[in-house]
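Please read the structure below before turning to the comments.
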Amino acid sequence: NIDPYARNGWNTGNSRNGALFRKVDTQFGPIEVQVPRDRNGQFHQHTLPDYKQHSDVLESTIIKLYSKGVTTREIADLIEKMYGSHYSPAQVSNISKQMIPKVEAYHKRKLSDKFFCVYLDATYLPLRRETFEREAVYIAIGIKPNGHKEVIDYCIAPSENIEVWTDMLQNMKSRGLKQVELFLSDGVVGMKTALARTYPKAHFQRCLVHVMRNICAKVRVDDREKIMNEFKQVHQQTNKEEATAVLHDFYTKWGKVYSHVIRSLKDIEPDLLVFYNYPKQIRASIYSTNMIESFNNVIKRKAKP
């Protein structure tokens, strides 16, 4: 508010410096902000943070659209139509990178000390490195004792192997997850051993859907439907004793034709019927990793663009 010809500041080396103008994109369209030049770096304007060229509303809009799976080019077009501000896909990508610190904080956050069950599964996504390559995304989803569902953590590696799962389990424990009643996973080699080392008191249920898929891959095409319908009876019984009887009948019926398949099933039998130890109301959700696979489909649908 000082008169431009006032003598305040004369002979300080920092007077009559003129001003610069900054164009700022807002939800109301582009506006121009006048900022006095300051040779000594003592002036700080509070209209916008330094170097910022767009308002928080536009930034949050871009980040929300990006998180929903809208492409950077589509977001740039939408922003121009909605607000009259031109953005290139590269600008949209740079703004979206503000999510990176939040992602890093997510991977370091303190975890709840107890989960009733934890689902472990890996899915494959094409990721751009030097070229596009399919890599494994390891995902852990947990159900708390109060029924609340939470994505505990995830990590990315070139392929699925037990070493990565072991590191992920140890990381979860170091961040506060001390007690798990039940783990559910497919048949990745070494998983049961890794769980026993990290969470020795936890029980382990092998995903029956994955078991069915493995069986189907090893039998004749003409037998698949019949075998699958019969194996499904294993998880549709009233109690563990009935399920065990159904499973043993399955061994007897198919043992001569597919001895290698039945031999593999007998080796993992202790892990097939653990879910019967829990109340009937929740059994349907703890005999397979279907819940995490539906989550994988959401990831793929959003990541594809």
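All residue names refer to the structure tokens as shown: chains lettered A, B, ... in order, residues numbered from 1 in each chain, ligands numbered from 1 in order.
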Exercise for the section: Mind the document's chain letters and residue numbers, and return as a ChimeraX atom specification the residues of segment 62-101 of chain A that DSSP labels alpha helix (DSSP H). Expected result: /A:62-67,72-83,89-96,100-101
Exercise for the section: Write out as a list in words which residues come within 8 Å of Asp153 of chain A when counting only C-alpha atoms, dropping same-chain ones fewer than 5 positions away. Expected result: His107, Ile139, Ala140, Ile141 and Met172 of chain A
Handout entry: Selected residue of minimal separation from Gln236 of chain A among A:Val57, A:Val219, A:Leu273, A:Met212, counting only C-alpha atoms
Key =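 Comparing A:Val57, A:Val219, A:Leu273, A:Met212 against Gln236 of chain A, the winner is A:Leu273.
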Need to verify the contact set: Pro126 of chain A, 10 Å, only C-alpha atoms, exclusion of same-chain residues closer than 3 positions in sequence. Can you return it as a CSV table (one decimal) with C-alpha atoms, in the first residue's frame?
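What follows is the written file result05.csv:
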chain,number,residue,atom,x,y,z
A,129,ARG,CA,9.8,-50.4,-17.4
A,131,THR,CA,9.4,-52.1,-22.2
A,132,PHE,CA,6.0,-53.4,-21.1
A,133,GLU,CA,6.5,-56.6,-19.1
A,134,ARG,CA,4.0,-58.6,-16.9
A,135,GLU,CA,5.0,-58.4,-13.3
A,136,ALA,CA,3.5,-59.9,-10.1
A,300,LYS,CA,-6.8,-54.4,-13.5
A,303,ALA,CA,-4.7,-49.9,-14.3
A,304,LYS,CA,-5.5,-50.8,-17.9
Problem - Top pick for closest residue to Asn239 of chain A, considering A:Val274, A:Leu182, A:Ala196, A:Ala217 and counting only C-alpha atoms - result: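 Under the stated criterion, the closest residue is A:Val274.
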Problem - Residues near Ala90 of chain A, cut-off 12 Å, only C-alpha atoms, skip fewer than 2 positions along chain, as a PyMOL selection string - result: chain A and resi 71-76+86-88+92-97
Prev. selection, N, CA and C atoms, output as a PDB file, in the first residue's frame:
ATOM      1  N   THR A  71      -7.400 -41.938 -18.409  1.00  0.00           N
ATOM      2  CA  THR A  71      -6.069 -41.711 -18.971  1.00  0.00           C
ATOM      3  C   THR A  71      -5.663 -40.247 -18.862  1.00  0.00           C
ATOM      4  N   THR A  72      -4.353 -39.989 -18.908  1.00  0.00           N
ATOM      5  CA  THR A  72      -3.854 -38.607 -18.807  1.00  0.00           C
ATOM      6  C   THR A  72      -4.359 -37.757 -19.966  1.00  0.00           C
ATOM      7  N   ARG A  73      -4.465 -38.335 -21.150  1.00  0.00           N
ATOM      8  CA  ARG A  73      -4.963 -37.576 -22.308  1.00  0.00           C
ATOM      9  C   ARG A  73      -6.436 -37.215 -22.133  1.00  0.00           C
ATOM     10  N   GLU A  74      -7.229 -38.164 -21.621  1.00  0.00           N
ATOM     11  CA  GLU A  74      -8.654 -37.892 -21.390  1.00  0.00           C
ATOM     12  C   GLU A  74      -8.831 -36.823 -20.307  1.00  0.00           C
ATOM     13  N   ILE A  75      -7.998 -36.869 -19.254  1.00  0.00           N
ATOM     14  CA  ILE A  75      -8.088 -35.863 -18.189  1.00  0.00           C
ATOM     15  C   ILE A  75      -7.757 -34.483 -18.749  1.00  0.00           C
ATOM     16  N   ALA A  76      -6.714 -34.399 -19.585  1.00  0.00           N
ATOM     17  CA  ALA A  76      -6.329 -33.112 -20.175  1.00  0.00           C
ATOM     18  C   ALA A  76      -7.480 -32.526 -20.987  1.00  0.00           C
ATOM     19  N   HIS A  86      -5.673 -25.153 -20.598  1.00  0.00           N
ATOM     20  CA  HIS A  86      -5.025 -26.181 -21.393  1.00  0.00           C
ATOM     21  C   HIS A  86      -3.986 -26.932 -20.556  1.00  0.00           C
ATOM     22  N   TYR A  87      -4.106 -28.240 -20.534  1.00  0.00           N
ATOM     23  CA  TYR A  87      -3.128 -29.106 -19.877  1.00  0.00           C
ATOM     24  C   TYR A  87      -2.680 -30.165 -20.873  1.00  0.00           C
ATOM     25  N   SER A  88      -1.398 -30.426 -20.900  1.00  0.00           N
ATOM     26  CA  SER A  88      -0.906 -31.533 -21.717  1.00  0.00           C
ATOM     27  C   SER A  88      -0.959 -32.811 -20.881  1.00  0.00           C
ATOM     28  N   VAL A  92      -0.507 -33.408 -16.662  1.00  0.00           N
ATOM     29  CA  VAL A  92      -1.411 -34.219 -15.840  1.00  0.00           C
ATOM     30  C   VAL A  92      -0.627 -35.306 -15.116  1.00  0.00           C
ATOM     31  N   SER A  93       0.294 -35.933 -15.830  1.00  0.00           N
ATOM     32  CA  SER A  93       1.127 -36.983 -15.236  1.00  0.00           C
ATOM     33  C   SER A  93       1.968 -36.428 -14.091  1.00  0.00           C
ATOM     34  N   ASN A  94       2.553 -35.244 -14.279  1.00  0.00           N
ATOM     35  CA  ASN A  94       3.379 -34.625 -13.232  1.00  0.00           C
ATOM     36  C   ASN A  94       2.561 -34.292 -11.993  1.00  0.00           C
ATOM     37  N   ILE A  95       1.333 -33.776 -12.207  1.00  0.00           N
ATOM     38  CA  ILE A  95       0.461 -33.457 -11.072  1.00  0.00           C
ATOM     39  C   ILE A  95       0.108 -34.739 -10.317  1.00  0.00           C
ATOM     40  N   SER A  96      -0.162 -35.823 -11.059  1.00  0.00           N
ATOM     41  CA  SER A  96      -0.542 -37.095 -10.441  1.00  0.00           C
ATOM     42  C   SER A  96       0.585 -37.685  -9.604  1.00  0.00           C
ATOM     43  N   LYS A  97       1.822 -37.273  -9.901  1.00  0.00           N
ATOM     44  CA  LYS A  97       2.963 -37.792  -9.139  1.00  0.00           C
ATOM     45  C   LYS A  97       2.971 -37.286  -7.698  1.00  0.00           C
TER      46      LYS A  97
END
Handout entry: Proximity to Gln281 of chain A - best of A:Ser159, A:Thr238, A:Asn146, A:Asn171, only C-alpha atoms
Key =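 Comparing A:Ser159, A:Thr238, A:Asn146, A:Asn171 against Gln281 of chain A, the winner is A:Thr238.
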Practice task
Might you pull out every residue within 12 Å of Arg213 of chain A, with only C-alpha atoms counted and same-chain residues fewer than 6 positions away left off, and present them as a ChimeraX atom specification?
Solution key: /A:186-187,207,219,224-225,227-228,231-232,261,288
Residues of the last selection are to be written out with C-alpha atoms, as a PDB file, in the first residue's frame.
ATOM      1  CA  ASP A 186      -3.028 -70.617  -3.115  1.00  0.00           C
ATOM      2  CA  GLY A 187      -0.453 -73.378  -3.395  1.00  0.00           C
ATOM      3  CA  CYS A 207      -7.753 -71.888  -1.461  1.00  0.00           C
ATOM      4  CA  VAL A 219      -7.332 -84.301 -16.080  1.00  0.00           C
ATOM      5  CA  ARG A 224     -13.380 -81.852 -16.036  1.00  0.00           C
ATOM      6  CA  GLU A 225     -17.000 -80.852 -15.468  1.00  0.00           C
ATOM      7  CA  ILE A 227     -14.720 -83.902 -11.419  1.00  0.00           C
ATOM      8  CA  MET A 228     -15.267 -80.221 -10.635  1.00  0.00           C
ATOM      9  CA  PHE A 231     -14.977 -81.772  -5.741  1.00  0.00           C
ATOM     10  CA  LYS A 232     -17.278 -78.781  -5.026  1.00  0.00           C
ATOM     11  CA  VAL A 261      -3.744 -85.956  -8.842  1.00  0.00           C
ATOM     12  CA  SER A 288     -11.082 -69.542  -1.030  1.00  0.00           C
TER      13      SER A 288
END
Handout entry: Members of segment 47-269 of chain A assigned strand (DSSP E) by DSSP, as number ranges by chain
Key = A: 114-128, 132-143, 149-157, 179-185, 203-206
How would the residues just picked look written out with N, CA and C atoms as a compact mmCIF listing (two decimals), in the first residue's frame?
# COMPACT_ATOMS: atom_id res chain seq x y z
N LYS A 114 -4.11 -57.01 15.41
CA LYS A 114 -4.84 -58.27 15.22
C LYS A 114 -5.70 -58.24 13.96
N PHE A 115 -5.66 -59.34 13.22
CA PHE A 115 -6.59 -59.59 12.12
C PHE A 115 -7.14 -61.01 12.29
N PHE A 116 -8.43 -61.15 12.01
CA PHE A 116 -9.00 -62.50 12.09
C PHE A 116 -8.45 -63.37 10.96
N CYS A 117 -8.55 -62.90 9.72
CA CYS A 117 -7.98 -63.67 8.62
C CYS A 117 -7.29 -62.74 7.64
N VAL A 118 -6.30 -63.27 6.94
CA VAL A 118 -5.55 -62.51 5.94
C VAL A 118 -5.48 -63.34 4.65
N TYR A 119 -5.92 -62.72 3.55
CA TYR A 119 -5.87 -63.36 2.24
C TYR A 119 -4.59 -62.92 1.53
N LEU A 120 -3.87 -63.88 0.97
CA LEU A 120 -2.65 -63.59 0.23
C LEU A 120 -2.78 -64.10 -1.19
N ASP A 121 -2.53 -63.23 -2.15
CA ASP A 121 -2.63 -63.65 -3.55
C ASP A 121 -1.80 -62.71 -4.41
N ALA A 122 -1.35 -63.20 -5.56
CA ALA A 122 -0.60 -62.37 -6.50
C ALA A 122 -1.33 -62.36 -7.84
N THR A 123 -1.35 -61.20 -8.47
CA THR A 123 -1.91 -61.08 -9.81
C THR A 123 -0.86 -60.45 -10.71
N TYR A 124 -1.02 -60.61 -12.01
CA TYR A 124 -0.01 -60.10 -12.94
C TYR A 124 -0.57 -58.92 -13.74
N LEU A 125 0.26 -57.85 -13.82
CA LEU A 125 -0.11 -56.65 -14.58
C LEU A 125 1.01 -56.29 -15.54
N PRO A 126 0.67 -55.79 -16.74
CA PRO A 126 1.73 -55.28 -17.62
C PRO A 126 2.20 -53.91 -17.13
N LEU A 127 3.47 -53.81 -16.76
CA LEU A 127 4.04 -52.57 -16.24
C LEU A 127 5.11 -52.05 -17.18
N ARG A 128 5.18 -50.73 -17.30
CA ARG A 128 6.14 -50.13 -18.22
C ARG A 128 7.46 -49.87 -17.51
N PHE A 132 7.14 -52.90 -21.93
CA PHE A 132 6.02 -53.41 -21.14
C PHE A 132 6.29 -54.87 -20.80
N GLU A 133 6.27 -55.20 -19.51
CA GLU A 133 6.46 -56.57 -19.06
C GLU A 133 5.41 -56.89 -18.00
N ARG A 134 4.94 -58.14 -17.99
CA ARG A 134 4.01 -58.57 -16.94
C ARG A 134 4.79 -58.85 -15.66
N GLU A 135 4.36 -58.20 -14.58
CA GLU A 135 5.01 -58.41 -13.29
C GLU A 135 3.97 -58.76 -12.23
N ALA A 136 4.44 -59.42 -11.18
CA ALA A 136 3.53 -59.88 -10.12
C ALA A 136 3.27 -58.77 -9.11
N VAL A 137 1.99 -58.56 -8.81
CA VAL A 137 1.60 -57.64 -7.74
C VAL A 137 1.12 -58.50 -6.57
N TYR A 138 1.90 -58.50 -5.50
CA TYR A 138 1.58 -59.28 -4.30
C TYR A 138 0.62 -58.47 -3.43
N ILE A 139 -0.49 -59.07 -3.04
CA ILE A 139 -1.51 -58.32 -2.29
C ILE A 139 -1.91 -59.09 -1.03
N ALA A 140 -2.01 -58.36 0.08
CA ALA A 140 -2.51 -58.93 1.34
C ALA A 140 -3.73 -58.13 1.79
N ILE A 141 -4.87 -58.79 1.91
CA ILE A 141 -6.09 -58.15 2.39
C ILE A 141 -6.50 -58.85 3.69
N GLY A 142 -6.84 -58.06 4.70
CA GLY A 142 -7.20 -58.64 6.00
C GLY A 142 -8.59 -58.29 6.45
N ILE A 143 -9.17 -59.16 7.26
CA ILE A 143 -10.45 -58.90 7.92
C ILE A 143 -10.18 -58.79 9.42
N LYS A 149 -12.76 -54.68 6.55
CA LYS A 149 -11.82 -55.18 5.54
C LYS A 149 -10.79 -54.11 5.22
N GLU A 150 -9.54 -54.52 5.07
CA GLU A 150 -8.46 -53.56 4.83
C GLU A 150 -7.39 -54.17 3.93
N VAL A 151 -6.95 -53.39 2.94
CA VAL A 151 -5.78 -53.80 2.16
C VAL A 151 -4.56 -53.51 3.03
N ILE A 152 -3.94 -54.57 3.51
CA ILE A 152 -2.84 -54.41 4.46
C ILE A 152 -1.60 -53.86 3.76
N ASP A 153 -1.25 -54.46 2.63
CA ASP A 153 -0.08 -54.01 1.90
C ASP A 153 -0.03 -54.68 0.53
N TYR A 154 0.84 -54.17 -0.32
CA TYR A 154 1.10 -54.81 -1.61
C TYR A 154 2.55 -54.50 -1.99
N CYS A 155 3.10 -55.30 -2.89
CA CYS A 155 4.41 -54.99 -3.45
C CYS A 155 4.49 -55.58 -4.86
N ILE A 156 5.48 -55.15 -5.62
CA ILE A 156 5.61 -55.56 -7.01
C ILE A 156 6.98 -56.21 -7.21
N ALA A 157 6.99 -57.33 -7.92
CA ALA A 157 8.23 -58.04 -8.23
C ALA A 157 8.07 -58.69 -9.61
N GLN A 179 -0.76 -60.68 15.44
CA GLN A 179 -1.59 -61.88 15.61
C GLN A 179 -2.58 -62.04 14.46
N VAL A 180 -2.56 -63.22 13.83
CA VAL A 180 -3.52 -63.56 12.77
C VAL A 180 -4.07 -64.94 13.09
N GLU A 181 -5.38 -65.08 13.03
CA GLU A 181 -6.01 -66.38 13.31
C GLU A 181 -5.88 -67.33 12.11
N LEU A 182 -6.12 -66.82 10.90
CA LEU A 182 -6.19 -67.69 9.72
C LEU A 182 -5.61 -66.99 8.51
N PHE A 183 -4.75 -67.68 7.78
CA PHE A 183 -4.24 -67.21 6.49
C PHE A 183 -4.87 -68.05 5.37
N LEU A 184 -5.20 -67.40 4.25
CA LEU A 184 -5.70 -68.09 3.07
C LEU A 184 -4.80 -67.76 1.90
N SER A 185 -4.41 -68.80 1.16
CA SER A 185 -3.49 -68.59 0.05
C SER A 185 -3.63 -69.73 -0.95
N HIS A 203 -3.44 -70.39 11.74
CA HIS A 203 -3.86 -71.56 10.96
C HIS A 203 -3.79 -71.22 9.47
N PHE A 204 -3.75 -72.27 8.64
CA PHE A 204 -3.59 -72.06 7.20
C PHE A 204 -4.64 -72.84 6.43
N GLN A 205 -5.39 -72.14 5.56
CA GLN A 205 -6.37 -72.75 4.68
C GLN A 205 -5.93 -72.54 3.24
N ARG A 206 -5.80 -73.64 2.51
CA ARG A 206 -5.44 -73.53 1.10
C ARG A 206 -6.71 -73.22 0.29
Exercise for the section: Between A:Lys178, A:Ser285, A:Pro158, A:Gly84, single out the one closest to Tyr199 of chain A, counting only C-alpha atoms. Expected result: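 That would be A:Lys178, the residue with the smallest distance to Tyr199 of chain A.
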Problem - Point-to-point distance from atom CA of Asn214 of chain A to atom CA of Val298 of chain A, Å rounded to tenths - result: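 Answer for the atom CA of Asn214 of chain A to atom CA of Val298 of chain A separation: 24.2 Å.
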